[in-house]
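Asker: Structure provided below as structure tokens; questions to follow.
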Amino acid sequence: MAKKSSYDASSITVLEGLEAVRKRPGMYIGSTSRKGLNHLVYEIVDNSVDEHLAGYCDHIEVVLEADGSAYVKDNGRGIPVEMHEKGMPAERLVFTTLHAGGKFGNDVYKTSGGLHGVGSSVVNALSVWMDVQICRDGQIFHDRFSRGLPDLELSDGLLPVIGKTKETGTTIRFLPDPEIFEVTRFSATDIKSRLHETAYLNPSLTIRFEDRRGETPYAEEYHEPDGIMGYIRDLNRNKEQICEPICIKGSSEGIEVEIALQYVNEFHENVLGFCNNIYNAEGGTHLTGFKSAFTSVINNYARELGILKEKDANFTGSDVRNGMTAVISVRHPDPSFEGQTKTKLDNQDAARAVSKVTSEEVVHYFDRNLEVLKNVLSCAEKAAKIRKTEERAKTNMQAEVLLRQQREAGQL
Ligand code: TSJ
């Protein structure tokens, strides 16, 4: 019988790492609810998106299988399989070491957010099994794990080859562990929505989704060559549009900024922020930078055009964003997050970069599109009028309450 090699220092580290993840899964994936379960898929997909951002992958396939497992397949270069200095193939390091991502001397790696940057080893630790196929150098390499631990003995530290191929790419299959998760059924709705979002943010990527759990398989493909402009168009699809969508781009301090916005006939704003492809539910510095710059640009125009007179107060931020749908997407080399769910961008340089790009490019656009500017200004005027009426009503109400209180107290 082939004996497992005795535990050396590196396998003890692996065991400790896996144990920590399985003991406190919430620390690594947020929760063990359906949300945490879906996160396993996002975490794996984000690795393929990173490969896309590095310039080597334009197709990703995500499949939910009838047995409760999922697989993610890409046409990238394939995870490196050669022996690493730690005494195992690079691929094994990726799946058994926490924070192993980005250790291949490839700077572009990890441009996408990754789930709190924890990586595929966490998904591995929280799966009953994980199966890896890598197409590279004309060969198909295979590896397999159970609850994070390698199943296969390697000879000379080489991964087994199970076939030949002309293709390159990575396929990861995994079955989430029911010992860990409260529910083990992925939400197709949530996963589809996230994949579609990823497609909007990566215009040259195609993502195919398939759900094989039902009686008849269901498949859908996401490819959004218009990027965040297409996102805005679809968010506003069934709404009355007040102006054409506006798209601005630029970069500053090494931060790339892309903004798409459009006004619709509604009395609220919908401003979404993304950093390195990850949605920032709690907003952050990119949104504050955009909002302050946009507000001051609009106020400057309003004064120039005499819409605001000398005696008038400025429009407020929410006046100028009344009816606005916007997507603010930044690429930051070293993002940091704060907040309850760590989804609030915290970098001050992002605020400066977005503010600079917004001031310059929005002015550039409106100077050439006065009709759009007029529509935007009339949205702001309408909002300001309503706000002032409400403020007056509130003041009147407070005065009435005060009067009544004084009357009842016998003071009047
Ligand atoms: F993380 C993961 F293992 F879960 C995973 C990684 C899952 C999936 C579906 C795909 C991937 C992945 C990794 N796709 N493509 C890559 N690429 C690399 O890891 C890679 C390939 C080549 C080189 C190189 O410098 O030659 C460097 C890297 C990081």
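Labels used: A, B, ... for chains in the order of the structure tokens, numbers from 1 for residues in each chain, and numbers from 1 for ligands as shown.
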Residues near Lys166 of chain A, anyone? I mean within 10 Å using only C-alpha atoms, not counting same-chain ones fewer than 6 positions away, as a compact mmCIF listing (two decimals) with C-alpha atoms, in the first residue's frame.
Answerer:
```txt
# COMPACT_ATOMS: atom_id res chain seq x y z
CA CYS A 135 -4.55 22.59 -19.95
CA ARG A 136 -1.02 23.81 -20.57
CA ASP A 137 1.98 22.91 -22.72
CA GLY A 138 -0.15 20.49 -24.79
CA GLN A 139 -1.12 18.42 -21.76
CA ILE A 140 -4.04 18.08 -19.36
```
Asker: Per DSSP on the backbone, what are the alpha helix (DSSP H) residues of segment 183-354 of chain A, as a ChimeraX atom specification?
Answerer: /A:188-201,227-235,285-304,317-320,348-354
Asker: Apply DSSP to the structure's backbone, then extract all residues of segment 212-397 of chain A labelled strand (DSSP E or B) and return them as a PyMOL selection string.
Answerer: chain A and resi 218-223+241+246-252+255-264+270-275+278-279+284+324-331+337-338+344-345
Asker: Keeping N, CA and C atoms, export the residues of the selection given above as a short mmCIF file (atom, residue, chain, number, x, y, z; two decimals), in the first residue's frame.
Answerer:
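Writing the result to part27.cif gives the following:
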```cif
data_model
loop_
_atom_site.label_atom_id
_atom_site.label_comp_id
_atom_site.auth_asym_id
_atom_site.auth_seq_id
_atom_site.Cartn_x
_atom_site.Cartn_y
_atom_site.Cartn_z
N TYR A 218 -30.69 25.26 -18.26
CA TYR A 218 -30.94 26.64 -18.63
C TYR A 218 -29.61 27.33 -18.83
N ALA A 219 -29.42 27.96 -19.96
CA ALA A 219 -28.13 28.61 -20.22
C ALA A 219 -28.30 30.05 -20.69
N GLU A 220 -27.32 30.87 -20.38
CA GLU A 220 -27.37 32.27 -20.77
C GLU A 220 -25.93 32.75 -20.98
N GLU A 221 -25.75 33.72 -21.88
CA GLU A 221 -24.41 34.21 -22.13
C GLU A 221 -24.36 35.72 -21.92
N TYR A 222 -23.33 36.19 -21.26
CA TYR A 222 -23.18 37.61 -21.01
C TYR A 222 -21.96 38.14 -21.74
N HIS A 223 -22.23 39.08 -22.63
CA HIS A 223 -21.15 39.77 -23.34
C HIS A 223 -21.63 41.19 -23.55
N GLN A 241 -36.21 58.43 -20.33
CA GLN A 241 -34.87 59.00 -20.32
C GLN A 241 -34.89 60.48 -20.67
N ILE A 246 -24.03 59.55 -20.80
CA ILE A 246 -22.76 60.27 -20.88
C ILE A 246 -21.66 59.34 -20.39
N CYS A 247 -20.55 59.27 -21.12
CA CYS A 247 -19.46 58.41 -20.67
C CYS A 247 -18.18 59.22 -20.60
N ILE A 248 -17.50 59.19 -19.48
CA ILE A 248 -16.22 59.87 -19.37
C ILE A 248 -15.15 58.93 -18.82
N LYS A 249 -13.93 59.17 -19.26
CA LYS A 249 -12.80 58.31 -18.89
C LYS A 249 -11.58 59.16 -18.63
N GLY A 250 -10.70 58.66 -17.81
CA GLY A 250 -9.44 59.36 -17.60
C GLY A 250 -8.63 58.63 -16.56
N SER A 251 -7.41 59.12 -16.32
CA SER A 251 -6.65 58.51 -15.23
C SER A 251 -5.79 59.56 -14.57
N SER A 252 -5.49 59.33 -13.30
CA SER A 252 -4.73 60.27 -12.50
C SER A 252 -4.11 59.51 -11.34
N ILE A 255 -4.48 55.83 -11.19
CA ILE A 255 -5.81 55.25 -10.98
C ILE A 255 -6.65 55.51 -12.23
N GLU A 256 -7.20 54.44 -12.79
CA GLU A 256 -8.05 54.60 -13.97
C GLU A 256 -9.48 54.84 -13.53
N VAL A 257 -10.13 55.80 -14.18
CA VAL A 257 -11.49 56.18 -13.80
C VAL A 257 -12.40 56.09 -15.01
N GLU A 258 -13.53 55.44 -14.86
CA GLU A 258 -14.51 55.39 -15.93
C GLU A 258 -15.89 55.65 -15.33
N ILE A 259 -16.62 56.58 -15.94
CA ILE A 259 -17.92 56.96 -15.39
C ILE A 259 -18.96 56.97 -16.51
N ALA A 260 -20.12 56.38 -16.24
CA ALA A 260 -21.24 56.49 -17.18
C ALA A 260 -22.43 57.00 -16.39
N LEU A 261 -23.17 57.95 -16.97
CA LEU A 261 -24.35 58.45 -16.26
C LEU A 261 -25.44 58.89 -17.22
N GLN A 262 -26.65 58.86 -16.71
CA GLN A 262 -27.81 59.28 -17.50
C GLN A 262 -28.92 59.70 -16.54
N TYR A 263 -29.71 60.68 -16.98
CA TYR A 263 -30.84 61.12 -16.17
C TYR A 263 -32.13 60.49 -16.67
N VAL A 264 -32.99 60.09 -15.70
CA VAL A 264 -34.32 59.60 -16.04
C VAL A 264 -35.34 60.37 -15.24
N ASN A 270 -29.43 56.85 -8.34
CA ASN A 270 -28.92 55.49 -8.26
C ASN A 270 -27.46 55.53 -8.73
N VAL A 271 -26.55 55.71 -7.77
CA VAL A 271 -25.14 55.87 -8.09
C VAL A 271 -24.37 54.66 -7.54
N LEU A 272 -23.79 53.86 -8.45
CA LEU A 272 -23.12 52.62 -8.06
C LEU A 272 -21.61 52.77 -8.20
N GLY A 273 -20.88 52.29 -7.20
CA GLY A 273 -19.42 52.38 -7.24
C GLY A 273 -18.77 51.01 -7.35
N PHE A 274 -17.73 50.92 -8.18
CA PHE A 274 -16.96 49.68 -8.31
C PHE A 274 -15.48 49.99 -8.22
N CYS A 275 -14.75 49.14 -7.51
CA CYS A 275 -13.30 49.25 -7.52
C CYS A 275 -12.73 47.90 -7.93
N ILE A 278 -15.20 45.13 -8.34
CA ILE A 278 -16.01 44.71 -7.21
C ILE A 278 -16.96 45.83 -6.81
N TYR A 279 -18.23 45.47 -6.66
CA TYR A 279 -19.26 46.43 -6.27
C TYR A 279 -19.03 46.89 -4.84
N GLY A 284 -17.94 54.90 -0.89
CA GLY A 284 -16.55 55.20 -0.56
C GLY A 284 -16.01 56.42 -1.27
N MET A 324 -30.59 60.88 -11.44
CA MET A 324 -29.34 60.37 -12.04
C MET A 324 -29.15 58.86 -11.80
N THR A 325 -28.80 58.15 -12.86
CA THR A 325 -28.29 56.78 -12.74
C THR A 325 -26.82 56.87 -13.13
N ALA A 326 -25.91 56.36 -12.29
CA ALA A 326 -24.49 56.47 -12.62
C ALA A 326 -23.72 55.24 -12.17
N VAL A 327 -22.70 54.92 -12.94
CA VAL A 327 -21.75 53.87 -12.54
C VAL A 327 -20.37 54.51 -12.51
N ILE A 328 -19.70 54.42 -11.38
CA ILE A 328 -18.35 54.94 -11.22
C ILE A 328 -17.43 53.73 -11.04
N SER A 329 -16.55 53.50 -11.99
CA SER A 329 -15.67 52.33 -11.91
C SER A 329 -14.22 52.79 -11.88
N VAL A 330 -13.48 52.37 -10.85
CA VAL A 330 -12.06 52.72 -10.79
C VAL A 330 -11.20 51.45 -10.75
N ARG A 331 -10.01 51.57 -11.31
CA ARG A 331 -8.99 50.51 -11.19
C ARG A 331 -7.88 51.10 -10.32
N PHE A 337 -10.27 48.88 2.00
CA PHE A 337 -11.71 48.96 2.26
C PHE A 337 -11.98 49.04 3.75
N GLU A 338 -13.05 49.75 4.08
CA GLU A 338 -13.47 49.83 5.48
C GLU A 338 -14.98 49.59 5.53
N LYS A 344 -16.48 49.50 1.55
CA LYS A 344 -16.41 50.95 1.37
C LYS A 344 -14.97 51.33 1.01
N LEU A 345 -14.79 51.86 -0.20
CA LEU A 345 -13.44 52.22 -0.65
C LEU A 345 -12.91 53.35 0.21
#
```
Asker: Could you list the protein, DNA and RNA residues that have any atom within 6 Å of ligand 1, counting only C-alpha atoms and all ligand atoms, and write them as a short mmCIF file (atom, residue, chain, number, x, y, z; two decimals) with N, CA and C atoms, in the first residue's frame?
Answerer:
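For reference, result_22.cif as written:
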```cif
data_model
loop_
_atom_site.label_atom_id
_atom_site.label_comp_id
_atom_site.auth_asym_id
_atom_site.auth_seq_id
_atom_site.Cartn_x
_atom_site.Cartn_y
_atom_site.Cartn_z
N ILE A 44 -13.87 31.90 -7.15
CA ILE A 44 -13.20 31.14 -8.21
C ILE A 44 -13.24 31.92 -9.53
N VAL A 45 -14.41 32.48 -9.86
CA VAL A 45 -14.55 33.25 -11.10
C VAL A 45 -13.58 34.44 -11.12
N ASN A 47 -10.68 34.69 -10.14
CA ASN A 47 -9.35 34.28 -10.60
C ASN A 47 -9.27 34.28 -12.12
N SER A 48 -10.36 33.83 -12.75
CA SER A 48 -10.39 33.85 -14.22
C SER A 48 -10.47 35.28 -14.74
N GLU A 51 -7.13 36.65 -14.79
CA GLU A 51 -6.41 36.15 -15.98
C GLU A 51 -6.83 36.98 -17.20
N VAL A 72 -16.08 26.06 -12.88
CA VAL A 72 -15.70 27.28 -13.56
C VAL A 72 -14.56 26.92 -14.49
N LYS A 73 -14.71 27.31 -15.75
CA LYS A 73 -13.71 26.97 -16.76
C LYS A 73 -13.31 28.22 -17.52
N ASP A 74 -12.02 28.42 -17.70
CA ASP A 74 -11.60 29.57 -18.52
C ASP A 74 -10.62 29.14 -19.61
N GLY A 76 -7.74 30.71 -20.24
CA GLY A 76 -6.49 31.44 -19.97
C GLY A 76 -5.27 30.56 -20.20
N ARG A 77 -4.16 30.94 -19.56
CA ARG A 77 -2.90 30.21 -19.76
C ARG A 77 -2.85 28.90 -18.99
N GLY A 78 -3.76 28.72 -18.02
CA GLY A 78 -3.66 27.56 -17.15
C GLY A 78 -2.77 27.88 -15.97
N ILE A 79 -3.20 27.51 -14.77
CA ILE A 79 -2.39 27.77 -13.57
C ILE A 79 -1.04 27.06 -13.73
N PRO A 80 0.05 27.75 -13.43
CA PRO A 80 1.37 27.11 -13.55
C PRO A 80 1.46 25.83 -12.72
N PHE A 104 3.39 34.75 -8.28
CA PHE A 104 4.14 34.24 -9.43
C PHE A 104 4.92 35.35 -10.12
N ASN A 106 3.86 38.07 -11.11
CA ASN A 106 3.06 38.71 -12.16
C ASN A 106 2.31 39.88 -11.55
N SER A 120 -8.49 30.95 -3.59
CA SER A 120 -9.10 29.67 -3.90
C SER A 120 -8.86 28.62 -2.82
N THR A 170 -8.04 26.66 -17.46
CA THR A 170 -8.19 26.07 -16.14
C THR A 170 -9.65 25.71 -15.90
N THR A 171 -9.90 24.51 -15.38
CA THR A 171 -11.26 24.12 -14.98
C THR A 171 -11.23 23.68 -13.51
N ILE A 172 -12.07 24.30 -12.71
CA ILE A 172 -12.16 23.96 -11.28
C ILE A 172 -13.57 23.49 -10.99
#
```
Asker: Calculate how many Å separate atom CA of Val297 of chain A from atom CA of Val357 of chain A, rounding to one decimal.
Answerer: 11.8 Å
Asker: Between atom CA of Ala125 of chain A and atom CA of Gly17 of chain A, what is the distance in Å, rounded to a tenth?
Answerer: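 Those two atoms sit 8.8 Å apart.
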Asker: Neighbours of segment 30-35 of chain A within 8 Å (only C-alpha atoms; same-chain residues fewer than 4 positions away dropped), as a ChimeraX atom specification?
Answerer: /A:25-26,39,180-187
